[in-house]
Amino acid sequence: MDSNFLIEGLPLFYKVGFSNIIFGFKWAPTKGSFGIFPMIVSSFLVTIGALLIGGPLGLGCATYLAEYAGKKRKIFLKPALELLAGIPSVVYGFLGVVYVVPFVREIFGGSGFSLLSTSIVLGIMILPTVISITYDSLMSVPRAYREGSLAMGATKWQTTWRVVIPSAKSGILASYILGMGRAVGETMAVIMVAGNALKIPGSILDPLRTLTSNIALELAYASGDHRLGLFSTGVVLLIIIMILNYIANFVIRKRMIK
Amino acid sequence: MKIDQRFTDKFVKISLNFQAYFTVGILLIIVFIIFLKGIKHFNLEFLLTFPEDMGRHGGIFPSIVGTILLVLLSLLIATPLGVGTAIFLTEYTRETKFTKIIRFGVESLAGIPSIIYGLFGFIFFVIKLKMGWSLLAGALTLTIMILPTIIRTSEEAIKAVPKNFRMVSYSLGATKWETTTKVVIPSAAPGILTGIMLSVGRAMGETAAVIFTMGSSLRLPTSLFDSGRTMAVHFYILAREGISMEKAYATALVLVLSILCINILAYYYMHKVMTRYS
C-alpha cells in the first residue's frame, strides 16, 4: 500500500519543491502554498506533551503492577488498564471537549483548545501502550536480580529504582517510542481538542493543527493540487511513524539479543 | 538530613498505588460519564428507529446496521486471510527471506495510524477503483487495518500448541493438512478468537479510516456499494457539529458498552487460554 501512497504524494514534492513543503510556513493549498512546517512542529509538540504526561504515569502504573501489586489486585487492575485502549478515540476527543477544554480554560485562561488540552487527552490515550510494554519488560527482569539486591539489604524501592528499572530500560524506552507513535498518529481526538489553528503555537495555551488533523479536516472536500497536498502531508506523517517504529523495533530486538 | 529509607519506601508505595488507581479511575470515570449521561436518552426506540433531522431526533438504527455490516464484512475478508497467513508462517514454512518480508510488512502495518489507512482507502478504493464512498471500500480498508492483529494473535496461538499434538497426529498417519485443520486449529481456536474479538473492538470504534471510505450517509445501506454511517462516525458528527449532545451521549453509550463487552469477553478468553497451557 505504501508504494501507491508515494506515487500519489510524490508529484507535488517535484512540483512545489521538497523544502517548500517541509519547511514552508504557509498552508494555503488553493493558492499554491503547501508549507506544513507548523504542523510538523505541532505534531512533535503534542507528542512530547503526551509523553510528559503519559510517560511517568504509565511507568508508575506499570511499576506498581509488576513490583508492588498483589495477585488479587493485579487480576482486577491489569485488564481494567488494558480496557482503556478499547475506548474509541472519538470518545476521548468528545470528553476532552466537554471536560478537559473547559478545565484548561478556567484554570489557565485562553480558549481552552490548546496544546495543553491536546497533550492531556493524548497523554491518557497512550497510557495503555506505555503500561503494557513497560510491564512486560519489568516482568522479564530475572527474579535473581531482585533477590540479590534485597539480600544486600536494599529496600524494595531501592531495588526497584536502582536494579529493576535500569535492567528494563530498553523496554521502557521502546514503550515510550511506541506511545509517541500512537500520539503522532492520533486524529479524531486531536481535531476535537486542538483548535486547529494554522501556526506554530507560541505557548502551551495556543491552539494548533497537527499533520493528522490537517488531512482529516480537508480530505472530504479537497481536489486537484489541494488533495495532492494532503497526500504529501500523509507521506511526511508516514515517514515519521516508520522512523519511530523502526527505532522501537530496533530497541526491542537489541534487548532480546542481550 | 538523611532521609529515612523506610519512610521513602512507604511513600513510594503509596504514590505508586495512587497512580495505578488514578489511571483505572480515569477509565471508570469515562465509562460512568457516558453511562449516566447516555442512559437518560437511551431506550429500545432509540435502537430501532431511524434518525430524523440529521440525528437531532429519532434513533440510530441505520448506524447500528451499518456498523454491524461493516465489521462483519471486514472480518469475512480478514479472518481467512489472516489465519491463513498465520498458518503458512508457522506450519508450512521455515524462516526464510520471504517470511521475514511478510513479518516486516505485518509489523510496519501494525503501527500505522488509522488516518493513513483512511487516506489510502480513499485514494485507492474510493477513487482509483471507483467504488465511491461505500460499504465495500470501508470494509476493505478496515481489513488491511485489522489484518496485522489477526495474523499476530493467530500466530502466537498456533505457536503455543504443544509440539506433541502434531507428533501424535502424524504418528496416526494424518497428513499435514489434516493435522493442521483437525488438531492445530481447534487447539489454537480460543487464541485466534481472542485476536478476532480484539479486532472487532478496534473496527467498531474506528472513525478516521471509515469516514473517508464508507462516507457518512444516514440511509440504511442495502448493497455493497451503498454509503453508510457507523456509530462511531455518527457520534463524531453529532458531537463535532453540535447537532445534539443528548443523542451523542446515547450513541456513545451503545458504542462504548458494546466495545467494552467484546473486549472483556476477549480478555476473559485470553486468560482462559493462558492458564490452559501454563
# chains A, B, ... in the order shown; residues from 1 in each chain; ligands from 1
$ interface_residues --of "chain B" --to "chain A" --cutoff "8 Å" --atoms "only C-alpha atoms" --output "PyMOL selection string"
chain B and resi 5-6+8-9+12-13+16-17+19-20+23-24+27+30+108+111-116+119-120+124+201-202+205-208+212+232+235-236+239-240+252+256+259-260+263-264+267
$ write_last_selection --atoms "N, CA and C atoms" --output "tab-separated table (two decimals), in the first residue's frame"
chain	number	residue	atom	x	y	z
B	5	GLN	N	15.12	5.57	54.89
B	5	GLN	CA	14.79	4.74	53.74
B	5	GLN	C	13.43	4.08	53.88
B	6	ARG	N	13.10	3.75	55.12
B	6	ARG	CA	11.82	3.10	55.31
B	6	ARG	C	10.67	4.05	54.98
B	8	THR	N	10.87	6.59	52.81
B	8	THR	CA	10.83	6.69	51.34
B	8	THR	C	10.06	5.50	50.77
B	9	ASP	N	10.36	4.33	51.30
B	9	ASP	CA	9.75	3.12	50.79
B	9	ASP	C	8.23	3.17	50.91
B	12	VAL	N	6.78	5.90	48.52
B	12	VAL	CA	6.77	5.44	47.13
B	12	VAL	C	5.62	4.46	46.91
B	13	LYS	N	5.46	3.57	47.85
B	13	LYS	CA	4.42	2.56	47.70
B	13	LYS	C	3.04	3.22	47.58
B	16	LEU	N	2.79	5.10	44.15
B	16	LEU	CA	2.58	4.21	43.00
B	16	LEU	C	1.16	3.64	43.02
B	17	ASN	N	0.73	3.28	44.22
B	17	ASN	CA	-0.63	2.79	44.41
B	17	ASN	C	-1.63	3.81	43.88
B	19	GLN	N	-1.08	6.22	41.72
B	19	GLN	CA	-1.01	6.37	40.26
B	19	GLN	C	-1.81	5.29	39.55
B	20	ALA	N	-1.67	4.05	40.03
B	20	ALA	CA	-2.38	2.95	39.38
B	20	ALA	C	-3.89	3.14	39.49
B	23	THR	N	-5.22	5.99	37.32
B	23	THR	CA	-5.39	5.62	35.91
B	23	THR	C	-6.63	4.77	35.70
B	24	VAL	N	-6.82	3.79	36.58
B	24	VAL	CA	-8.04	2.98	36.46
B	24	VAL	C	-9.26	3.87	36.69
B	27	LEU	N	-10.52	5.45	33.58
B	27	LEU	CA	-11.36	4.54	32.80
B	27	LEU	C	-12.77	4.48	33.37
B	30	ILE	N	-14.68	7.69	32.72
B	30	ILE	CA	-15.13	7.78	31.33
B	30	ILE	C	-16.39	6.94	31.14
B	108	SER	N	5.14	-3.39	10.19
B	108	SER	CA	5.02	-1.98	9.78
B	108	SER	C	3.55	-1.58	9.71
B	111	GLY	N	1.77	-0.47	13.09
B	111	GLY	CA	1.97	0.81	13.76
B	111	GLY	C	1.40	2.01	13.02
B	112	ILE	N	0.86	1.77	11.83
B	112	ILE	CA	0.41	2.89	11.02
B	112	ILE	C	-0.91	3.45	11.55
B	113	PRO	N	-0.99	4.77	11.69
B	113	PRO	CA	-2.21	5.37	12.25
B	113	PRO	C	-3.40	5.23	11.29
B	114	SER	N	-4.59	5.25	11.89
B	114	SER	CA	-5.78	4.95	11.10
B	114	SER	C	-6.04	6.00	10.01
B	115	ILE	N	-5.63	7.24	10.23
B	115	ILE	CA	-5.89	8.25	9.21
B	115	ILE	C	-5.16	7.91	7.92
B	116	ILE	N	-3.98	7.28	8.05
B	116	ILE	CA	-3.23	6.87	6.86
B	116	ILE	C	-4.01	5.79	6.11
B	119	LEU	N	-6.72	7.59	4.35
B	119	LEU	CA	-6.22	8.29	3.17
B	119	LEU	C	-5.95	7.30	2.04
B	120	PHE	N	-5.33	6.17	2.40
B	120	PHE	CA	-5.03	5.15	1.40
B	120	PHE	C	-6.32	4.58	0.80
B	124	PHE	N	-7.23	4.76	-3.05
B	124	PHE	CA	-7.18	3.53	-3.81
B	124	PHE	C	-8.57	2.96	-4.07
B	201	GLY	N	-13.45	-5.01	18.22
B	201	GLY	CA	-13.50	-3.83	19.08
B	201	GLY	C	-12.84	-2.64	18.41
B	202	ARG	N	-11.71	-2.89	17.79
B	202	ARG	CA	-10.98	-1.80	17.14
B	202	ARG	C	-11.76	-1.27	15.93
B	205	GLY	N	-14.87	0.98	16.78
B	205	GLY	CA	-14.63	2.32	17.27
B	205	GLY	C	-13.90	3.21	16.28
B	206	GLU	N	-13.52	2.64	15.13
B	206	GLU	CA	-12.71	3.39	14.18
B	206	GLU	C	-13.52	4.50	13.51
B	207	THR	N	-12.93	5.67	13.42
B	207	THR	CA	-13.62	6.77	12.77
B	207	THR	C	-12.85	7.28	11.58
B	208	ALA	N	-11.57	7.63	11.79
B	208	ALA	CA	-10.80	8.29	10.75
B	208	ALA	C	-10.72	7.45	9.48
B	212	PHE	N	-13.76	8.41	5.61
B	212	PHE	CA	-13.33	8.75	4.25
B	212	PHE	C	-13.51	7.62	3.25
B	232	ALA	N	-19.63	5.09	15.36
B	232	ALA	CA	-18.52	5.98	15.73
B	232	ALA	C	-18.57	7.26	14.90
B	235	PHE	N	-21.54	9.38	15.97
B	235	PHE	CA	-21.21	10.06	17.23
B	235	PHE	C	-20.30	11.26	16.98
B	236	TYR	N	-19.31	11.05	16.14
B	236	TYR	CA	-18.36	12.13	15.84
B	236	TYR	C	-19.08	13.32	15.22
B	239	ALA	N	-21.36	15.10	17.73
B	239	ALA	CA	-20.62	15.85	18.74
B	239	ALA	C	-19.90	17.04	18.14
B	240	ARG	N	-19.24	16.82	16.99
B	240	ARG	CA	-18.40	17.89	16.44
B	240	ARG	C	-19.23	19.02	15.85
B	252	ALA	N	-22.84	7.21	22.13
B	252	ALA	CA	-21.58	6.80	22.75
B	252	ALA	C	-21.82	5.65	23.72
B	256	VAL	N	-19.66	2.44	23.28
B	256	VAL	CA	-18.66	2.09	24.29
B	256	VAL	C	-19.03	0.79	25.00
B	259	ILE	N	-18.31	-2.17	22.74
B	259	ILE	CA	-16.86	-2.42	22.61
B	259	ILE	C	-16.31	-3.02	23.90
B	260	LEU	N	-16.71	-2.44	25.04
B	260	LEU	CA	-16.22	-2.96	26.31
B	260	LEU	C	-16.63	-4.42	26.51
B	263	ASN	N	-14.47	-6.58	24.36
B	263	ASN	CA	-13.10	-6.66	24.86
B	263	ASN	C	-13.00	-7.45	26.16
B	264	ILE	N	-13.97	-7.27	27.04
B	264	ILE	CA	-13.94	-8.03	28.30
B	264	ILE	C	-14.03	-9.52	27.99
B	267	TYR	N	-10.66	-10.65	26.78
B	267	TYR	CA	-9.66	-10.82	27.83
B	267	TYR	C	-9.95	-12.06	28.66
$ residues_around --residues "Val121 in chain A" --least-positions-apart "4" --cutoff "7 Å" --atoms "only C-alpha atoms" --output "list of chain:residue names"
A:Tyr92, A:Gly96, A:Ser117, A:Met125
$ closest_residue --among "B:Ser15, B:Asn164, B:Thr67, B:Thr213" --to "Ile123 in chain B" --atoms "only C-alpha atoms"
B:Thr213
$ atom_distance --atom1 "CA of Ala66 in chain A" --atom2 "CA of Arg152 in chain B"
24.6 Å
$ atom_distance --atom1 "CA of Leu147 in chain B" --atom2 "CA of Ala78 in chain B"
5.8 Å
$ atom_distance --atom1 "CA of Ile239 in chain A" --atom2 "CA of Glu107 in chain B"
14.8 Å
$ select_by_dssp --residues "range 6-179 of chain A" --states "strand (DSSP E)" --output "ChimeraX atom specification"
/A:27-28,33-34
$ closest_residue --among "B:Val254, B:Ala157, B:Met204, B:Ile101" --to "Leu142 in chain B" --atoms "only C-alpha atoms"
B:Met204
$ select_by_dssp --residues "range 170-221 of chain A" --states "helix (DSSP H, G or I)" --output "PDB file with C-alpha atoms, in the first residue's frame"
ATOM      1  CA  SER A 170      15.309  -0.518  26.834  1.00  0.00           C
ATOM      2  CA  GLY A 171      11.792  -1.940  27.129  1.00  0.00           C
ATOM      3  CA  ILE A 172      10.626   1.237  28.832  1.00  0.00           C
ATOM      4  CA  LEU A 173      12.255   3.276  26.089  1.00  0.00           C
ATOM      5  CA  ALA A 174      10.507   1.175  23.455  1.00  0.00           C
ATOM      6  CA  SER A 175       7.178   1.710  25.182  1.00  0.00           C
ATOM      7  CA  TYR A 176       7.728   5.464  25.125  1.00  0.00           C
ATOM      8  CA  ILE A 177       8.606   5.429  21.442  1.00  0.00           C
ATOM      9  CA  LEU A 178       5.551   3.340  20.557  1.00  0.00           C
ATOM     10  CA  GLY A 179       3.458   5.672  22.707  1.00  0.00           C
ATOM     11  CA  MET A 180       4.854   8.574  20.692  1.00  0.00           C
ATOM     12  CA  GLY A 181       3.863   6.735  17.523  1.00  0.00           C
ATOM     13  CA  ARG A 182       0.332   6.423  18.831  1.00  0.00           C
ATOM     14  CA  ALA A 183       0.210  10.113  19.757  1.00  0.00           C
ATOM     15  CA  VAL A 184       1.601  11.309  16.405  1.00  0.00           C
ATOM     16  CA  GLY A 185      -0.964   9.231  14.544  1.00  0.00           C
ATOM     17  CA  MET A 188     -10.114  12.356  15.727  1.00  0.00           C
ATOM     18  CA  ALA A 189      -9.389  13.208  19.356  1.00  0.00           C
ATOM     19  CA  VAL A 190      -6.834  15.806  18.277  1.00  0.00           C
ATOM     20  CA  ILE A 191      -9.175  17.521  15.818  1.00  0.00           C
ATOM     21  CA  MET A 192     -11.726  17.957  18.552  1.00  0.00           C
ATOM     22  CA  VAL A 193      -9.499  19.484  21.236  1.00  0.00           C
ATOM     23  CA  ALA A 194      -6.571  21.132  19.426  1.00  0.00           C
ATOM     24  CA  LEU A 211      -0.361  16.590  10.400  1.00  0.00           C
ATOM     25  CA  THR A 212      -3.149  14.104  11.051  1.00  0.00           C
ATOM     26  CA  SER A 213      -5.827  16.707  11.654  1.00  0.00           C
ATOM     27  CA  ASN A 214      -4.763  18.590   8.518  1.00  0.00           C
ATOM     28  CA  ILE A 215      -5.563  15.500   6.454  1.00  0.00           C
ATOM     29  CA  ALA A 216      -8.819  14.693   8.201  1.00  0.00           C
ATOM     30  CA  LEU A 217     -10.133  18.247   8.188  1.00  0.00           C
ATOM     31  CA  GLU A 218      -9.705  18.861   4.479  1.00  0.00           C
TER      32      GLU A 218
END
$ residues_around --residues "Pro162 in chain B" --least-positions-apart "4" --cutoff "10 Å" --atoms "only C-alpha atoms" --output "list in words"
Ile158, Arg166, Met167, Val184, Ser187 and Tyr277 of chain B
$ write_last_selection --atoms "N, CA and C atoms" --output "short mmCIF file (atom, residue, chain, number, x, y, z; two decimals), in the first residue's frame"
data_model
loop_
_atom_site.label_atom_id
_atom_site.label_comp_id
_atom_site.auth_asym_id
_atom_site.auth_seq_id
_atom_site.Cartn_x
_atom_site.Cartn_y
_atom_site.Cartn_z
N ILE B 158 -1.14 -20.35 17.48
CA ILE B 158 -0.73 -21.59 16.82
C ILE B 158 0.61 -22.08 17.37
N ARG B 166 1.02 -32.37 17.42
CA ARG B 166 1.29 -32.60 15.99
C ARG B 166 1.91 -33.98 15.79
N MET B 167 2.89 -34.29 16.66
CA MET B 167 3.59 -35.58 16.54
C MET B 167 2.63 -36.76 16.60
N VAL B 184 -4.32 -28.72 15.09
CA VAL B 184 -3.70 -27.45 15.46
C VAL B 184 -4.74 -26.34 15.59
N SER B 187 -7.09 -26.53 18.61
CA SER B 187 -6.42 -26.21 19.87
C SER B 187 -6.10 -24.73 19.96
N TYR B 277 -2.36 -23.48 29.03
CA TYR B 277 -1.08 -24.01 28.57
C TYR B 277 0.06 -23.77 29.54
#
$ residues_around --residues "Ile21 in chain A" --least-positions-apart "3" --cutoff "6 Å" --atoms "only C-alpha atoms" --output "MDAnalysis selection string"
chainID A and resid 18 24 34:36
$ decode --residues "range 231-272 of chain B" --atoms "N, CA and C atoms" --output "JSON list (two decimals), in the first residue's frame"
[["chain", "number", "residue", "atom", "x", "y", "z"],
["B", 231, "MET", "N", -21.66, 3.82, 13.95],
["B", 231, "MET", "CA", -21.99, 4.51, 15.19],
["B", 231, "MET", "C", -20.90, 5.50, 15.56],
["B", 232, "ALA", "N", -19.63, 5.09, 15.36],
["B", 232, "ALA", "CA", -18.52, 5.98, 15.73],
["B", 232, "ALA", "C", -18.57, 7.26, 14.90],
["B", 233, "VAL", "N", -18.83, 7.12, 13.59],
["B", 233, "VAL", "CA", -18.90, 8.29, 12.71],
["B", 233, "VAL", "C", -20.10, 9.15, 13.08],
["B", 234, "HIS", "N", -21.24, 8.49, 13.36],
["B", 234, "HIS", "CA", -22.44, 9.21, 13.74],
["B", 234, "HIS", "C", -22.18, 10.03, 15.01],
["B", 235, "PHE", "N", -21.54, 9.38, 15.97],
["B", 235, "PHE", "CA", -21.21, 10.06, 17.23],
["B", 235, "PHE", "C", -20.30, 11.26, 16.98],
["B", 236, "TYR", "N", -19.31, 11.05, 16.14],
["B", 236, "TYR", "CA", -18.36, 12.13, 15.84],
["B", 236, "TYR", "C", -19.08, 13.32, 15.22],
["B", 237, "ILE", "N", -19.97, 13.04, 14.25],
["B", 237, "ILE", "CA", -20.66, 14.13, 13.57],
["B", 237, "ILE", "C", -21.63, 14.84, 14.52],
["B", 238, "LEU", "N", -22.35, 14.07, 15.32],
["B", 238, "LEU", "CA", -23.26, 14.67, 16.30],
["B", 238, "LEU", "C", -22.50, 15.59, 17.25],
["B", 239, "ALA", "N", -21.36, 15.10, 17.73],
["B", 239, "ALA", "CA", -20.62, 15.85, 18.74],
["B", 239, "ALA", "C", -19.90, 17.04, 18.14],
["B", 240, "ARG", "N", -19.24, 16.82, 16.99],
["B", 240, "ARG", "CA", -18.40, 17.89, 16.44],
["B", 240, "ARG", "C", -19.23, 19.02, 15.85],
["B", 241, "GLU", "N", -20.33, 18.67, 15.23],
["B", 241, "GLU", "CA", -21.15, 19.72, 14.66],
["B", 241, "GLU", "C", -22.20, 20.22, 15.64],
["B", 242, "GLY", "N", -22.11, 19.74, 16.86],
["B", 242, "GLY", "CA", -23.01, 20.20, 17.91],
["B", 242, "GLY", "C", -24.48, 19.98, 17.59],
["B", 243, "ILE", "N", -24.79, 18.89, 16.89],
["B", 243, "ILE", "CA", -26.17, 18.65, 16.48],
["B", 243, "ILE", "C", -27.04, 18.33, 17.69],
["B", 244, "SER", "N", -26.59, 17.37, 18.49],
["B", 244, "SER", "CA", -27.38, 17.03, 19.66],
["B", 244, "SER", "C", -26.51, 16.31, 20.68],
["B", 245, "MET", "N", -26.27, 16.95, 21.81],
["B", 245, "MET", "CA", -25.43, 16.35, 22.84],
["B", 245, "MET", "C", -26.09, 15.11, 23.43],
["B", 246, "GLU", "N", -27.43, 15.19, 23.61],
["B", 246, "GLU", "CA", -28.13, 14.05, 24.23],
["B", 246, "GLU", "C", -27.97, 12.81, 23.36],
["B", 247, "LYS", "N", -28.23, 13.00, 22.06],
["B", 247, "LYS", "CA", -28.14, 11.85, 21.15],
["B", 247, "LYS", "C", -26.69, 11.37, 21.06],
["B", 248, "ALA", "N", -25.74, 12.32, 21.14],
["B", 248, "ALA", "CA", -24.33, 11.94, 21.08],
["B", 248, "ALA", "C", -23.97, 11.03, 22.26],
["B", 249, "TYR", "N", -24.40, 11.44, 23.46],
["B", 249, "TYR", "CA", -24.12, 10.62, 24.63],
["B", 249, "TYR", "C", -24.76, 9.25, 24.52],
["B", 250, "ALA", "N", -26.01, 9.23, 24.05],
["B", 250, "ALA", "CA", -26.71, 7.94, 23.94],
["B", 250, "ALA", "C", -26.02, 7.04, 22.92],
["B", 251, "THR", "N", -25.57, 7.64, 21.80],
["B", 251, "THR", "CA", -24.84, 6.85, 20.81],
["B", 251, "THR", "C", -23.54, 6.32, 21.40],
["B", 252, "ALA", "N", -22.84, 7.21, 22.13],
["B", 252, "ALA", "CA", -21.58, 6.80, 22.75],
["B", 252, "ALA", "C", -21.82, 5.65, 23.72],
["B", 253, "LEU", "N", -22.94, 5.70, 24.43],
["B", 253, "LEU", "CA", -23.26, 4.63, 25.38],
["B", 253, "LEU", "C", -23.33, 3.28, 24.66],
["B", 254, "VAL", "N", -24.10, 3.25, 23.56],
["B", 254, "VAL", "CA", -24.24, 2.00, 22.82],
["B", 254, "VAL", "C", -22.87, 1.54, 22.31],
["B", 255, "LEU", "N", -22.12, 2.49, 21.75],
["B", 255, "LEU", "CA", -20.81, 2.17, 21.17],
["B", 255, "LEU", "C", -19.83, 1.66, 22.22],
["B", 256, "VAL", "N", -19.66, 2.44, 23.28],
["B", 256, "VAL", "CA", -18.66, 2.09, 24.29],
["B", 256, "VAL", "C", -19.03, 0.79, 25.00],
["B", 257, "LEU", "N", -20.31, 0.64, 25.35],
["B", 257, "LEU", "CA", -20.69, -0.59, 26.04],
["B", 257, "LEU", "C", -20.47, -1.81, 25.16],
["B", 258, "SER", "N", -20.82, -1.71, 23.88],
["B", 258, "SER", "CA", -20.62, -2.91, 23.05],
["B", 258, "SER", "C", -19.14, -3.22, 22.89],
["B", 259, "ILE", "N", -18.31, -2.17, 22.74],
["B", 259, "ILE", "CA", -16.86, -2.42, 22.61],
["B", 259, "ILE", "C", -16.31, -3.02, 23.90],
["B", 260, "LEU", "N", -16.71, -2.44, 25.04],
["B", 260, "LEU", "CA", -16.22, -2.96, 26.31],
["B", 260, "LEU", "C", -16.63, -4.42, 26.51],
["B", 261, "CYS", "N", -17.89, -4.74, 26.17],
["B", 261, "CYS", "CA", -18.35, -6.11, 26.33],
["B", 261, "CYS", "C", -17.49, -7.06, 25.50],
["B", 262, "ILE", "N", -17.27, -6.69, 24.24],
["B", 262, "ILE", "CA", -16.48, -7.54, 23.37],
["B", 262, "ILE", "C", -15.06, -7.70, 23.91],
["B", 263, "ASN", "N", -14.47, -6.58, 24.36],
["B", 263, "ASN", "CA", -13.10, -6.66, 24.86],
["B", 263, "ASN", "C", -13.00, -7.45, 26.16],
["B", 264, "ILE", "N", -13.97, -7.27, 27.04],
["B", 264, "ILE", "CA", -13.94, -8.03, 28.30],
["B", 264, "ILE", "C", -14.03, -9.52, 27.99],
["B", 265, "LEU", "N", -14.91, -9.85, 27.06],
["B", 265, "LEU", "CA", -15.05, -11.24, 26.64],
["B", 265, "LEU", "C", -13.71, -11.76, 26.09],
["B", 266, "ALA", "N", -13.05, -10.92, 25.29],
["B", 266, "ALA", "CA", -11.78, -11.31, 24.69],
["B", 266, "ALA", "C", -10.73, -11.55, 25.77],
["B", 267, "TYR", "N", -10.66, -10.65, 26.78],
["B", 267, "TYR", "CA", -9.66, -10.82, 27.83],
["B", 267, "TYR", "C", -9.95, -12.06, 28.66],
["B", 268, "TYR", "N", -11.25, -12.29, 28.91],
["B", 268, "TYR", "CA", -11.64, -13.47, 29.67],
["B", 268, "TYR", "C", -11.18, -14.73, 28.95],
["B", 269, "TYR", "N", -11.40, -14.75, 27.66],
["B", 269, "TYR", "CA", -10.99, -15.87, 26.83],
["B", 269, "TYR", "C", -9.48, -16.05, 26.85],
["B", 270, "MET", "N", -8.77, -14.90, 26.70],
["B", 270, "MET", "CA", -7.32, -14.94, 26.66],
["B", 270, "MET", "C", -6.78, -15.51, 27.96],
["B", 271, "HIS", "N", -7.38, -15.07, 29.07],
["B", 271, "HIS", "CA", -6.98, -15.54, 30.39],
["B", 271, "HIS", "C", -7.13, -17.06, 30.47],
["B", 272, "LYS", "N", -8.26, -17.54, 29.96],
["B", 272, "LYS", "CA", -8.55, -18.96, 29.97],
["B", 272, "LYS", "C", -7.50, -19.73, 29.15]]
